[in-house]
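J.: Got a structure here, written out as C-alpha cells. Questions coming.
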Amino acid sequence: MKGFELLSSQNSFVKDDNIFLASFRETAQFHYNNNAFIKFLWDKNAINPKDINSVQDLESAPYTLVNIFKDFEQITGPYSEIVLTLGSSGTSGQRSLIHLNLESLDNVKKMAYKIHKDLKIVDDQKYNYLCFTYDPKIANDVGTAFTDELLTSFTQKNEVYYALEFDNKKNDFTFDVNKVIQKLKDYAQEDIPVRILGFPAFLYKTICEMKESLILPENSWVQTGGGWKTEQNLMLDKFKFRDLVYKKLNILPQNNRDMFGMVEHGVPYLDCEQGKMRIPNFSRVLIRDPKTLKVLKDGEKGILQLICTYNTSYPAFNLLTTDWAVKNKDDSGEYIEILGRGGVNKNKGCALKALEVMRA
Amino acid sequence: MYCFGRWDKDLSNPISICERAHELKNEYRRQDIERIIDVLDKVGDSWSYNSNNYQQAHKFLETSFDSKMNCYMLDVLPLLLNKSSLRKRLQAEFKDLNLLDDFGVVPEYSGEVYYKSHGVLLHITASNVVLGAVDSLIMGLITKNICILKIDASMQNFIKLFIDSIIQIDKDKVLADKFAFFSWKGGEHPCEQIFKKNVNAIIAWGGESSVKSLKKDLPLAVKFIEHGPKISFQVITNKFLEENNIEVVAKKLATDICMWDQHACANSQNLFLQDDIDKEWFLDNLAKAMDRFDIPLGAVSSDEALEKLKEKARSEFLEFKDNLPYRYEQKFFISFDETLHLRSSALNRHLIIKSFKSLVDIVSAIDKYDYYLQTCGLGVSNEEYPLYRFELTSAGVKRITQIGQMLNSVEGSSHDGRFSLLELTEVVCDESSWVDYKHCTHSFSKETVNESIIRNKKGIVYGTGGTTGNPKYVFYSNNEFQRISKTLANSYYDLGLNNNDRVLNLFMAGNLWSSFSAIQYALDDLNVVQFPLGGNASKEQIIKLIDDFNINTLFGIPSNVLELGKSIKGKVKKVFYAGEKLTQKQFDYLKNELLIEDIFSAGYASVDVGPIGYQTRDCKLNEHYLFDNMLDLKVIDGEGVVTSKFRKAMPIVDYSTGDLIELINDSDRSKTKFKILGRKDQTIFIWSSRIKFVEIAAAYGAEDFQIQIENEVNPVMNIFGMNQVSSEVFIERLLNNCADLRETHDAEYLKNRIKISKQELKANKRTGKTPKLIDLR
C-alpha cells in the first residue's frame, strides 16, 4: 500500500492528516473491494471510502466493534495468503483471531520499529532481556508473546529469559518468582543493560518479593504492556509504579514505559518520557459516547475508537473497542489515557424476586 | 446504620452486633407468628398509595427506573406486607403457621414437627434493587430470624424511611428491634468476614462473582442460601400463533421483557421461536408492542449502553452473514441469533430470538445450564403443553408460566427450585409419642370441648347423640382431622380405589356427624370423581345419579345400600360401608345378587376415637387391621381399649370402645389384626333377665333381625326379620342359650310375650341406620 509506505517514511509523531487520510482511503477501499462485510457496512451507511477527505469525515466512517472479532472469524482476502494468526490473551473468556498476510506482518513490524525509533527506544546496544510474558516458542499464537518477541528485535540481544515458562506436567504456563529474582541478580552482576518487558503485574509481584534492592546496569529499561489483566486489585498508579521500580531496580522513571496495544489493532501506544501514551501518525483516535455514539471532545471519557491503515488482511482498520479512555493534547501532540474495560459483568444475580409479586 | 432498635452512626463493632443478635433469637422465636404478620400488615397499610410514606419514598428512591416504574415498585410494597399475602406465602410452604410457633402434628407423619428459625440471618442483597432488599428482610422476619441486612449505599435513605415506618407502627417492639441494616462495599470490608463467621445463616442475592466470594472460607456451621445468577426465556410455537392473535401475544411477550427493564431474573432474555414462523412479521409485531409498552425505559448506564452496542454489532454482522433481521431502537432492541445456545442479553429491554425446529432443539440448547435456568414463559398449544412442560422442567427450568405472566408470581411459588421460606428454617422433629395425660378426661361434654377449643384455637367439632343416649361432642384439630382423612385415603387406595372410580357418598351429612366429612376429605386425596350426595336423598334420586353418571362406587351405611336393591345390579362395582355391622347374609346378597365385586369396610371407627381399623383384601367380614401408626389396642375382658398416639386436642388414653374384640394371630406379626364381635352392651334387660343379642341371634338362626320391645308394664318382645322360624322353636332355643332367662322363666311364660314377625327391618328415619333394638318402654 503506497499510502502506508508514505506514512512510514514520516516522523511517527508529526501529525500529517493528508498523508494519513490518503492511506486510510486506500486501506478502506482495499477492504471494501475484498471483504463483503465491509462493503455491506459501508453501503448500508451510504458512504464510500472516497468520501473520507477530512478528519471530520473519519467520524462517519463505519467502524467494526472489537467483539465481532471474538465472536466471528474475520478475514480479508484468501486464507492462503495468511502467514501468521494471532489470538488475544482473552481474560473475558473469548479470543479474537487475527490473520496477518505478509504485507500486514511486515507493516506491523516496520511500524513498531519506526515508533520505537522515533521515541528513542531503539538501540544498537546489546541487552539482557527479562520478559514477563509467555515463551513465544510455545505460545506462538498469543499476541502479547508476538509483541514481546518483536520488541526484543529493537536492540541486540545477549540473553532473553521468558518468565512464564511452560510446565509440561501441569500443561500450563507457570511463574516462579524466585527464579526470576535470581535472574535479575545475575543480570545485575553483568555490565550489559537490561530490558524488562511484559505484564506489569508480574514485575510488581517480583519487586514486592525482593528482599533487597538491586542496581541494574545503566541504561536499563522497562517496557510494560498488556495491562494488569486479572490482577486489577494490584494495579498501581503509573507514576508510583515508576518510582517503585526506580527504587528497587535503579531503572530511571523516564526509561519506564508502558504500552497500550491490542492484537486487533497493531499500532503501539507508548509512553513518552513524561509517561503519556502518544498517538503516532500511524493512527487516529476518537472517543465516543456509547449511548449517543457522538464523538467526544478532548478530556471527555468515552469508548476508545482506533483507526489505522497498515493491515490488509483483517478488517480492523476502523475499530471501536470496549475500553474507556480519554484523549488529550499538549505541546508534543495527542495522547491517550486508558481508564479500564467497559461493559457489564454478565450473569446478573437474582435481584428482583420481590418484583414478581402479583399486582392487584 | 440501624441496629436492633437504635440508630448508630457507623458500623463500629460487628462482633458485639452479632452477640446482641444471638441474645435476641430465642425471644423472637417465642413471638407469636400472627402477631408478627399483624405488625407487618399495619406497616403495609402505612405505605398505601399516596400515603405520606409513599410520597416521601419518591424522593429517596434512587433507582435507574423511570418514575412510572418506581410507582409500580411502591405499589408492590403494601402487597408484600399484606396479611393475606403473608399468610398465603407461609401456608403454601409450611401448611400450618402454628408450626412456626410450636410443635404440631402434620399429615402422614407420626411424630410432631416444629419449624425453627436459623437464628441470626445475614442478608447480602443485590445492589440497586431496593425492593429486593425489603423482601429479603420480610422473609427473614416472618420466619422469625434475627436479620442483619447488608444493603447498597444508594438504598440507605429509602431503607431508613421504611424502618421509621416500622418503628412508628411497632411500639411494642414485636419486630422493630429484631433486625439491623448496614452498608459496606462488598467483599472488601473486614466486617463482612466477621459477620460471615458469626451468624447462623446467610442469604445471598447477587451475581456469580459475588456469590462465590461470599461462599469462600465459610464455616461449615453457617448455612448458605444463595440466589445467584439466573436466566429466563420464552417459547413460541407455530401452533400457538395459529390459535392466538399476534398482537395480543406480542403485548404479553413485551410485558415479560420490558417490565423492570429486565432487571429481574424472571424477565425473558431469550425467546425460542419455531422456525416456520415468518421472522420479519414476528419481529415487526413484537417491535410494535415493545415500542408501545406503557412504561418508558429507565436510565441506562454507559457500561450498559456499551453492552447493547456490542450486541448491535453482532446483529449487524449476522444480518450480513445470515440475513437475520434485528430492530435496534433507543427504547428496545430485538435481535436474532445464529445459534440456539442460551445466553444473556444486553438487558435493558434487549431480547435475543433463537429459531428452533422441534422441542429437542430447545432442550439441547438449555440443558447444560440447569443451575442457571429459572422461568419459562410458554406460548404453546394445549396439545403441546404437557410435553413442553415436562421436557423443559427436566432440562432445568424451575418455573413455568404463561406468556405475559413471567413477572407475576403466585404467592407460595418456589423460587429457583426451592421454597425460600422453608429454607430459612430448620425442621425439627419430635418422634416421641407422648400422651397428654393432663388433658385426658374422656369427657365429651360441651365444657371439655370448649376447653379444648381455647387450647387449640382452630379445628372442628363433631358430635353424636347415638340412637339412644346423651349427645357427646368431640374436638379435632385441623391437622388431626387431616391426618385421619389421609390415613383413610391410603387404605382405600390400597383397596383399589383409583382414578377410574366415580364415587357416591351416601353417609348422612350435617348434624355434626363426622362420617360424611371424613369420607369426603379422604376422597379429596384420591384421584376419583366424587358425588357428595348424602344419605338423605331419595332412592329415586340416588338411582338416577348412578345412571346419569355411571357411578361405580358407593360409600354408605349397609341399610342404605341394600335399600337400593336390584336397581344397582351390574352398575355399582364397589361398596365401602360403615356405621352398622354388615351381616354375612347381606354380604352374600350384595356379592351374588347385586354382583358387587368389592365390598369393604370404609373403616372401623367411632366419632370419639376416630378411625381404629381398616380392611385389606385378605380380611374376612368384620376383620380389620389396626391403624398402628395412630393407635395402640389392648383387649381387656374381651373389650377393645385404645390409646391414641396422635390426638392431642382431646387425648384418648386407655379408652374403652364398648366393642367386643378378638385379636387374630396372623402370619404377619408386624400388623395387629382383629375381629369385631359386637357391642359389649348388646344385652337386653327384660322380665328380670339379661338376654344377650348373640343369644337371640342364635335362637333366631340369623343375624338380620330387629328387636322391638313395647309395653313398659308387661313387656312384649317382637322379633322382625325375614328368617322363617316359629315362636315355639325360637323360645325353646332361647331358653337353651340364655342361662339367666332359663333360671327365671319357662316357655309357658314366654309364649305370649315373644312374637316373631316376618317383615322388613325398620330403619331410623333420622340416621338411616337400622337399629338392632327399638325399645319403646
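Within each chain, counting starts at residue 1; across the C-alpha cells, chains are named A, B, ... in the order shown, with ligands numbered 1 upward in that order.
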Could you name the residues that touch Phe260 of chain A at 10 Å or less, counting only C-alpha atoms, but leaving out those on the same chain fewer than 4 positions away, as a PDB file with N, CA and C atoms, in the first residue's frame?

T.:
```pdb
ATOM      1  N   THR A 224       6.450  -2.100  29.824  1.00  0.00           N
ATOM      2  CA  THR A 224       5.325  -2.970  30.183  1.00  0.00           C
ATOM      3  C   THR A 224       4.218  -2.863  29.135  1.00  0.00           C
ATOM      4  N   GLY A 225       3.424  -3.867  29.107  1.00  0.00           N
ATOM      5  CA  GLY A 225       2.299  -3.854  28.171  1.00  0.00           C
ATOM      6  C   GLY A 225       1.327  -4.954  28.530  1.00  0.00           C
ATOM      7  N   GLY A 226       0.158  -4.903  27.930  1.00  0.00           N
ATOM      8  CA  GLY A 226      -0.819  -5.960  28.168  1.00  0.00           C
ATOM      9  C   GLY A 226      -1.752  -5.690  29.328  1.00  0.00           C
ATOM     10  N   GLY A 227      -1.468  -4.639  30.080  1.00  0.00           N
ATOM     11  CA  GLY A 227      -2.369  -4.302  31.178  1.00  0.00           C
ATOM     12  C   GLY A 227      -2.193  -5.180  32.400  1.00  0.00           C
ATOM     13  N   GLY A 266      -2.785  -3.171  15.583  1.00  0.00           N
ATOM     14  CA  GLY A 266      -1.367  -3.390  15.852  1.00  0.00           C
ATOM     15  C   GLY A 266      -0.551  -2.167  16.161  1.00  0.00           C
ATOM     16  N   VAL A 267      -1.143  -1.004  16.218  1.00  0.00           N
ATOM     17  CA  VAL A 267      -0.366   0.214  16.487  1.00  0.00           C
ATOM     18  C   VAL A 267      -0.067   0.284  17.980  1.00  0.00           C
ATOM     19  N   PRO A 268       1.185   0.387  18.360  1.00  0.00           N
ATOM     20  CA  PRO A 268       1.509   0.530  19.789  1.00  0.00           C
ATOM     21  C   PRO A 268       1.366   1.975  20.239  1.00  0.00           C
ATOM     22  N   TYR A 269       0.820   2.153  21.415  1.00  0.00           N
ATOM     23  CA  TYR A 269       0.718   3.491  22.014  1.00  0.00           C
ATOM     24  C   TYR A 269       1.649   3.504  23.226  1.00  0.00           C
ATOM     25  N   LEU A 270       2.780   4.127  23.013  1.00  0.00           N
ATOM     26  CA  LEU A 270       3.848   4.060  24.022  1.00  0.00           C
ATOM     27  C   LEU A 270       3.905   5.311  24.861  1.00  0.00           C
ATOM     28  N   ASP A 271       4.315   5.099  26.095  1.00  0.00           N
ATOM     29  CA  ASP A 271       4.594   6.256  26.943  1.00  0.00           C
ATOM     30  C   ASP A 271       5.795   7.022  26.402  1.00  0.00           C
ATOM     31  N   MET A 277       0.854   8.345  26.836  1.00  0.00           N
ATOM     32  CA  MET A 277       0.792   7.404  25.697  1.00  0.00           C
ATOM     33  C   MET A 277       0.507   8.178  24.420  1.00  0.00           C
ATOM     34  N   ARG A 278       1.516   8.318  23.622  1.00  0.00           N
ATOM     35  CA  ARG A 278       1.422   9.171  22.439  1.00  0.00           C
ATOM     36  C   ARG A 278       0.697   8.472  21.312  1.00  0.00           C
ATOM     37  N   ILE A 336      -3.297   9.423  24.782  1.00  0.00           N
ATOM     38  CA  ILE A 336      -4.485   8.811  25.381  1.00  0.00           C
ATOM     39  C   ILE A 336      -4.173   8.292  26.782  1.00  0.00           C
ATOM     40  N   GLU A 337      -5.241   8.222  27.535  1.00  0.00           N
ATOM     41  CA  GLU A 337      -5.151   7.596  28.865  1.00  0.00           C
ATOM     42  C   GLU A 337      -6.220   6.503  28.906  1.00  0.00           C
ATOM     43  N   ILE A 338      -5.793   5.275  29.186  1.00  0.00           N
ATOM     44  CA  ILE A 338      -6.733   4.141  29.216  1.00  0.00           C
ATOM     45  C   ILE A 338      -7.297   4.035  30.627  1.00  0.00           C
TER      46      ILE A 338
END
```

J.: Identify, on the basis of only C-alpha atoms, every residue whose closest approach to segment 492-505 of chain B does not exceed 6 Å; exclude the query and any residue fewer than 2 positions from it along the same chain; express the result as a PyMOL selection string.

T.: chain B and resi 489-490+507+527-534+551-555

J.: Could you list the residues in chain B lying within 8 Å of chain A, using only C-alpha atoms, and format the result as a PDB file with N, CA and C atoms, in the first residue's frame?

T.:
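Ended up saving to result.pdb:
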```pdb
ATOM      1  N   MET B  73     -43.272  -0.099  41.679  1.00  0.00           N
ATOM      2  CA  MET B  73     -42.473  -0.715  42.732  1.00  0.00           C
ATOM      3  C   MET B  73     -43.062  -0.403  44.090  1.00  0.00           C
ATOM      4  N   ASP B  75     -46.124   0.368  44.651  1.00  0.00           N
ATOM      5  CA  ASP B  75     -47.416  -0.320  44.758  1.00  0.00           C
ATOM      6  C   ASP B  75     -47.237  -1.736  45.279  1.00  0.00           C
ATOM      7  N   VAL B  76     -46.099  -2.328  44.960  1.00  0.00           N
ATOM      8  CA  VAL B  76     -45.843  -3.719  45.377  1.00  0.00           C
ATOM      9  C   VAL B  76     -45.607  -3.819  46.876  1.00  0.00           C
ATOM     10  N   LEU B  79     -48.416  -4.792  49.085  1.00  0.00           N
ATOM     11  CA  LEU B  79     -48.844  -6.155  48.751  1.00  0.00           C
ATOM     12  C   LEU B  79     -47.944  -7.181  49.421  1.00  0.00           C
ATOM     13  N   LEU B  80     -46.662  -6.861  49.486  1.00  0.00           N
ATOM     14  CA  LEU B  80     -45.714  -7.770  50.141  1.00  0.00           C
ATOM     15  C   LEU B  80     -46.014  -7.897  51.622  1.00  0.00           C
ATOM     16  N   THR B 125     -27.679  -8.302  49.968  1.00  0.00           N
ATOM     17  CA  THR B 125     -28.650  -8.001  48.923  1.00  0.00           C
ATOM     18  C   THR B 125     -27.949  -7.448  47.698  1.00  0.00           C
ATOM     19  N   ALA B 126     -28.599  -7.581  46.565  1.00  0.00           N
ATOM     20  CA  ALA B 126     -28.019  -7.120  45.305  1.00  0.00           C
ATOM     21  C   ALA B 126     -28.049  -5.604  45.266  1.00  0.00           C
ATOM     22  N   SER B 127     -27.094  -5.078  44.545  1.00  0.00           N
ATOM     23  CA  SER B 127     -27.006  -3.623  44.534  1.00  0.00           C
ATOM     24  C   SER B 127     -28.153  -3.018  43.743  1.00  0.00           C
ATOM     25  N   VAL B 129     -31.245  -2.653  44.059  1.00  0.00           N
ATOM     26  CA  VAL B 129     -32.589  -3.224  43.967  1.00  0.00           C
ATOM     27  C   VAL B 129     -33.222  -3.145  45.335  1.00  0.00           C
ATOM     28  N   LEU B 131     -36.318  -2.976  46.517  1.00  0.00           N
ATOM     29  CA  LEU B 131     -37.440  -3.809  46.948  1.00  0.00           C
ATOM     30  C   LEU B 131     -36.997  -5.243  47.213  1.00  0.00           C
ATOM     31  N   GLY B 132     -35.971  -5.655  46.521  1.00  0.00           N
ATOM     32  CA  GLY B 132     -35.413  -6.977  46.788  1.00  0.00           C
ATOM     33  C   GLY B 132     -34.883  -7.056  48.199  1.00  0.00           C
ATOM     34  N   ASP B 135     -37.849  -7.201  50.626  1.00  0.00           N
ATOM     35  CA  ASP B 135     -38.498  -8.516  50.662  1.00  0.00           C
ATOM     36  C   ASP B 135     -37.635  -9.550  51.359  1.00  0.00           C
ATOM     37  N   TRP B 205     -28.076 -12.675  47.578  1.00  0.00           N
ATOM     38  CA  TRP B 205     -28.685 -12.341  46.289  1.00  0.00           C
ATOM     39  C   TRP B 205     -27.610 -11.646  45.467  1.00  0.00           C
ATOM     40  N   GLY B 206     -27.252 -12.203  44.339  1.00  0.00           N
ATOM     41  CA  GLY B 206     -26.241 -11.497  43.563  1.00  0.00           C
ATOM     42  C   GLY B 206     -25.730 -12.303  42.404  1.00  0.00           C
ATOM     43  N   GLY B 207     -24.763 -11.708  41.722  1.00  0.00           N
ATOM     44  CA  GLY B 207     -24.170 -12.355  40.560  1.00  0.00           C
ATOM     45  C   GLY B 207     -23.185 -13.433  40.973  1.00  0.00           C
ATOM     46  N   GLU B 208     -22.615 -14.047  39.956  1.00  0.00           N
ATOM     47  CA  GLU B 208     -21.766 -15.218  40.199  1.00  0.00           C
ATOM     48  C   GLU B 208     -20.558 -14.890  41.064  1.00  0.00           C
ATOM     49  N   HIS B 227     -29.064 -17.154  46.046  1.00  0.00           N
ATOM     50  CA  HIS B 227     -29.926 -16.861  44.883  1.00  0.00           C
ATOM     51  C   HIS B 227     -29.044 -16.150  43.892  1.00  0.00           C
ATOM     52  N   GLY B 228     -28.325 -16.975  43.167  1.00  0.00           N
ATOM     53  CA  GLY B 228     -27.297 -16.454  42.291  1.00  0.00           C
ATOM     54  C   GLY B 228     -27.830 -16.136  40.903  1.00  0.00           C
ATOM     55  N   PRO B 229     -26.927 -16.144  39.930  1.00  0.00           N
ATOM     56  CA  PRO B 229     -27.304 -15.698  38.589  1.00  0.00           C
ATOM     57  C   PRO B 229     -28.289 -16.652  37.932  1.00  0.00           C
ATOM     58  N   LYS B 230     -29.314 -16.091  37.326  1.00  0.00           N
ATOM     59  CA  LYS B 230     -30.342 -16.902  36.699  1.00  0.00           C
ATOM     60  C   LYS B 230     -30.714 -16.292  35.339  1.00  0.00           C
ATOM     61  N   ILE B 231     -31.261 -17.147  34.488  1.00  0.00           N
ATOM     62  CA  ILE B 231     -31.722 -16.658  33.189  1.00  0.00           C
ATOM     63  C   ILE B 231     -33.090 -17.260  32.884  1.00  0.00           C
ATOM     64  N   TRP B 260     -39.698  -3.922  34.589  1.00  0.00           N
ATOM     65  CA  TRP B 260     -38.488  -3.812  35.408  1.00  0.00           C
ATOM     66  C   TRP B 260     -37.220  -3.716  34.563  1.00  0.00           C
ATOM     67  N   HIS B 263     -34.404  -6.216  34.780  1.00  0.00           N
ATOM     68  CA  HIS B 263     -33.510  -6.376  35.924  1.00  0.00           C
ATOM     69  C   HIS B 263     -33.867  -7.586  36.775  1.00  0.00           C
ATOM     70  N   ALA B 264     -35.042  -8.136  36.566  1.00  0.00           N
ATOM     71  CA  ALA B 264     -35.460  -9.284  37.377  1.00  0.00           C
ATOM     72  C   ALA B 264     -34.994 -10.579  36.729  1.00  0.00           C
ATOM     73  N   CYS B 265     -34.708 -11.567  37.550  1.00  0.00           N
ATOM     74  CA  CYS B 265     -34.235 -12.834  36.987  1.00  0.00           C
ATOM     75  C   CYS B 265     -35.343 -13.561  36.220  1.00  0.00           C
ATOM     76  N   ALA B 266     -36.586 -13.194  36.467  1.00  0.00           N
ATOM     77  CA  ALA B 266     -37.679 -13.827  35.742  1.00  0.00           C
ATOM     78  C   ALA B 266     -37.992 -13.136  34.416  1.00  0.00           C
ATOM     79  N   SER B 302     -23.648   4.001  30.975  1.00  0.00           N
ATOM     80  CA  SER B 302     -22.758   3.926  29.818  1.00  0.00           C
ATOM     81  C   SER B 302     -22.263   2.506  29.601  1.00  0.00           C
ATOM     82  N   ASP B 303     -21.948   1.829  30.690  1.00  0.00           N
ATOM     83  CA  ASP B 303     -21.483   0.444  30.542  1.00  0.00           C
ATOM     84  C   ASP B 303     -22.595  -0.435  29.971  1.00  0.00           C
ATOM     85  N   GLU B 304     -23.814  -0.218  30.433  1.00  0.00           N
ATOM     86  CA  GLU B 304     -24.941  -0.992  29.900  1.00  0.00           C
ATOM     87  C   GLU B 304     -25.175  -0.662  28.436  1.00  0.00           C
ATOM     88  N   ALA B 305     -25.019   0.623  28.089  1.00  0.00           N
ATOM     89  CA  ALA B 305     -25.182   1.028  26.692  1.00  0.00           C
ATOM     90  C   ALA B 305     -24.133   0.347  25.822  1.00  0.00           C
ATOM     91  N   LEU B 306     -22.957   0.193  26.362  1.00  0.00           N
ATOM     92  CA  LEU B 306     -21.878  -0.468  25.612  1.00  0.00           C
ATOM     93  C   LEU B 306     -22.225  -1.929  25.340  1.00  0.00           C
ATOM     94  N   GLU B 307     -22.856  -2.571  26.301  1.00  0.00           N
ATOM     95  CA  GLU B 307     -23.281  -3.961  26.086  1.00  0.00           C
ATOM     96  C   GLU B 307     -24.264  -4.042  24.921  1.00  0.00           C
ATOM     97  N   LEU B 309     -24.463  -1.985  22.494  1.00  0.00           N
ATOM     98  CA  LEU B 309     -23.714  -1.674  21.285  1.00  0.00           C
ATOM     99  C   LEU B 309     -23.001  -2.921  20.760  1.00  0.00           C
ATOM    100  N   LYS B 310     -22.449  -3.687  21.660  1.00  0.00           N
ATOM    101  CA  LYS B 310     -21.760  -4.932  21.288  1.00  0.00           C
ATOM    102  C   LYS B 310     -22.746  -5.880  20.613  1.00  0.00           C
ATOM    103  N   ALA B 313     -23.605  -4.681  17.139  1.00  0.00           N
ATOM    104  CA  ALA B 313     -22.555  -5.006  16.167  1.00  0.00           C
ATOM    105  C   ALA B 313     -22.678  -6.460  15.735  1.00  0.00           C
ATOM    106  N   ARG B 314     -22.949  -7.290  16.685  1.00  0.00           N
ATOM    107  CA  ARG B 314     -23.142  -8.713  16.409  1.00  0.00           C
ATOM    108  C   ARG B 314     -24.308  -8.935  15.459  1.00  0.00           C
ATOM    109  N   PHE B 317     -23.557  -7.974  11.916  1.00  0.00           N
ATOM    110  CA  PHE B 317     -22.791  -8.986  11.202  1.00  0.00           C
ATOM    111  C   PHE B 317     -23.682 -10.156  10.793  1.00  0.00           C
ATOM    112  N   PHE B 320     -25.695  -9.397   7.849  1.00  0.00           N
ATOM    113  CA  PHE B 320     -24.894  -9.562   6.624  1.00  0.00           C
ATOM    114  C   PHE B 320     -24.721 -11.045   6.291  1.00  0.00           C
ATOM    115  N   LYS B 321     -24.329 -11.803   7.291  1.00  0.00           N
ATOM    116  CA  LYS B 321     -23.916 -13.202   7.042  1.00  0.00           C
ATOM    117  C   LYS B 321     -25.101 -14.116   6.783  1.00  0.00           C
ATOM    118  N   SER B 344     -26.993 -14.693  27.899  1.00  0.00           N
ATOM    119  CA  SER B 344     -27.542 -13.457  28.469  1.00  0.00           C
ATOM    120  C   SER B 344     -27.648 -12.397  27.389  1.00  0.00           C
ATOM    121  N   MET B 406     -44.704 -13.923  33.381  1.00  0.00           N
ATOM    122  CA  MET B 406     -43.416 -14.335  33.955  1.00  0.00           C
ATOM    123  C   MET B 406     -43.044 -13.518  35.188  1.00  0.00           C
ATOM    124  N   LEU B 407     -43.508 -12.285  35.219  1.00  0.00           N
ATOM    125  CA  LEU B 407     -43.160 -11.432  36.361  1.00  0.00           C
ATOM    126  C   LEU B 407     -44.237 -11.439  37.445  1.00  0.00           C
ATOM    127  N   ASN B 408     -45.297 -12.191  37.219  1.00  0.00           N
ATOM    128  CA  ASN B 408     -46.369 -12.250  38.215  1.00  0.00           C
ATOM    129  C   ASN B 408     -46.307 -13.580  38.935  1.00  0.00           C
ATOM    130  N   SER B 409     -45.689 -13.564  40.071  1.00  0.00           N
ATOM    131  CA  SER B 409     -45.543 -14.814  40.807  1.00  0.00           C
ATOM    132  C   SER B 409     -46.755 -15.053  41.697  1.00  0.00           C
ATOM    133  N   VAL B 410     -47.235 -16.283  41.692  1.00  0.00           N
ATOM    134  CA  VAL B 410     -48.319 -16.642  42.608  1.00  0.00           C
ATOM    135  C   VAL B 410     -47.715 -16.857  43.991  1.00  0.00           C
ATOM    136  N   GLU B 411     -48.359 -16.320  45.010  1.00  0.00           N
ATOM    137  CA  GLU B 411     -47.835 -16.479  46.379  1.00  0.00           C
ATOM    138  C   GLU B 411     -47.646 -17.956  46.692  1.00  0.00           C
TER     139      GLU B 411
END
```

J.: How many Å separate atom CA of Glu93 of chain B from atom CA of Leu392 of chain B?

T.: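 Straight-line distance from atom CA of Glu93 of chain B to atom CA of Leu392 of chain B works out to 23.9 Å.
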
J.: When distances are computed from only C-alpha atoms, which of B:Gly721, B:Ser209, B:Glu743, B:Arg617 shows the smallest separation from Lys758 of chain B?

T.: B:Gly721

J.: Let's see if you can do this: from backbone DSSP, list all alpha helix (DSSP H) residues in segment 342-543 of chain B, as a PyMOL selection string.

T.: chain B and resi 359-366+385-395+420-423+446-456+478-494+515-524+539-543

J.: I want to know what sits within 12 Å of Ile484 of chain B, based on only C-alpha atoms, with residues of the same chain fewer than 4 positions away left out; could you give that as number ranges by chain?

T.: B: 105-110, 476-480, 488-491, 514-515, 517-523, 525, 603, 605, 607, 609-614, 627, 629-631, 644, 646-647

J.: Grab the residues selected above and save them as a compact mmCIF listing (two decimals), in the first residue's frame with C-alpha atoms.

T.:
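again23.txt, written as the output of this step:
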```txt
# COMPACT_ATOMS: atom_id res chain seq x y z
CA VAL B 105 -48.98 -32.65 64.01
CA VAL B 106 -48.60 -32.88 60.25
CA PRO B 107 -50.46 -35.29 58.00
CA GLU B 108 -48.69 -38.55 57.12
CA TYR B 109 -46.13 -38.16 59.88
CA SER B 110 -46.37 -39.99 63.18
CA TYR B 476 -60.29 -32.49 66.43
CA SER B 477 -57.61 -30.01 65.45
CA ASN B 478 -57.49 -29.41 61.70
CA ASN B 479 -54.16 -31.20 61.48
CA GLU B 480 -55.55 -34.22 63.32
CA LEU B 488 -58.30 -43.41 55.39
CA ALA B 489 -57.49 -42.35 51.85
CA ASN B 490 -54.38 -44.52 51.86
CA SER B 491 -56.39 -47.55 52.97
CA SER B 514 -68.36 -36.95 61.07
CA SER B 515 -68.65 -39.80 58.56
CA SER B 517 -66.93 -35.17 56.07
CA ALA B 518 -64.26 -37.73 56.84
CA ILE B 519 -65.07 -39.69 53.70
CA GLN B 520 -65.24 -36.54 51.58
CA TYR B 521 -61.84 -35.32 52.79
CA ALA B 522 -60.40 -38.78 52.26
CA LEU B 523 -61.76 -38.96 48.72
CA ASP B 525 -56.88 -37.09 48.34
CA GLY B 603 -63.08 -48.21 58.32
CA ALA B 605 -64.24 -46.00 63.69
CA VAL B 607 -66.65 -40.29 66.42
CA VAL B 609 -61.87 -42.16 68.92
CA GLY B 610 -61.69 -41.68 65.19
CA PRO B 611 -60.58 -44.50 62.86
CA ILE B 612 -59.39 -47.60 64.62
CA GLY B 613 -59.11 -50.20 61.91
CA TYR B 614 -59.03 -50.73 58.16
CA PHE B 627 -54.11 -48.28 62.33
CA ASN B 629 -49.34 -45.62 63.46
CA MET B 630 -52.28 -43.87 65.12
CA LEU B 631 -53.39 -46.15 67.96
CA SER B 644 -54.33 -42.55 70.51
CA PHE B 646 -51.53 -38.51 67.90
CA ARG B 647 -54.68 -36.99 69.40
```

J.: Hey, what's within 10 Å of Thr206 of chain A if we count only C-alpha atoms and toss same-chain stuff fewer than 4 positions away? As number ranges by chain, please?

T.: A: 176-181, 184, 200-202, 210

J.: Among the residues of segment 103-345 of chain A, find those DSSP assigns to strand (DSSP E) from the backbone and print them as a ChimeraX atom specification.

T.: /A:126-134,156-167,172-175,194-198,221-225,256-262,265-270,277-278,283-288,302-308,318-330,333-341

J.: List the spatial neighbours of segment 99-111 of chain A as a short mmCIF file (atom, residue, chain, number, x, y, z; two decimals) with C-alpha atoms, in the first residue's frame - criterion: any atom at most 9 Å away, only C-alpha atoms, same-chain residues fewer than 4 positions off excluded.

T.:
```
data_model
loop_
_atom_site.label_atom_id
_atom_site.label_comp_id
_atom_site.auth_asym_id
_atom_site.auth_seq_id
_atom_site.Cartn_x
_atom_site.Cartn_y
_atom_site.Cartn_z
CA MET A 1 0.00 0.00 0.00
CA PHE A 4 1.26 3.27 4.27
CA GLU A 5 4.70 3.43 2.72
CA SER A 8 6.17 5.02 7.35
CA SER A 12 5.89 8.95 13.73
CA GLN A 74 -12.84 -12.19 10.18
CA ILE A 75 -10.53 -12.15 7.21
CA THR A 76 -9.97 -10.02 4.12
CA TYR A 79 -6.54 -17.83 3.73
CA SER A 80 -3.72 -18.94 1.50
CA GLU A 81 -2.04 -15.58 1.95
CA ILE A 82 -2.03 -15.73 5.73
CA VAL A 83 1.38 -16.15 7.28
CA LEU A 84 0.59 -15.65 10.94
CA THR A 85 -2.53 -15.91 13.09
CA LEU A 86 -2.52 -14.31 16.50
CA GLY A 87 -5.03 -14.57 19.33
CA ILE A 115 7.55 4.28 16.51
CA HIS A 116 10.12 2.96 18.93
CA LEU A 150 9.10 -8.08 18.29
CA GLY A 266 -1.37 -3.39 15.85
CA VAL A 267 -0.37 0.21 16.49
CA PRO A 268 1.51 0.53 19.79
CA PHE A 282 0.06 5.83 12.01
CA TYR A 310 -1.32 -0.87 7.95
CA ASN A 311 -3.32 -4.03 7.62
CA THR A 312 -4.91 -5.57 4.56
CA SER A 313 -5.86 -9.00 5.83
CA TYR A 314 -8.40 -8.40 8.55
#
```
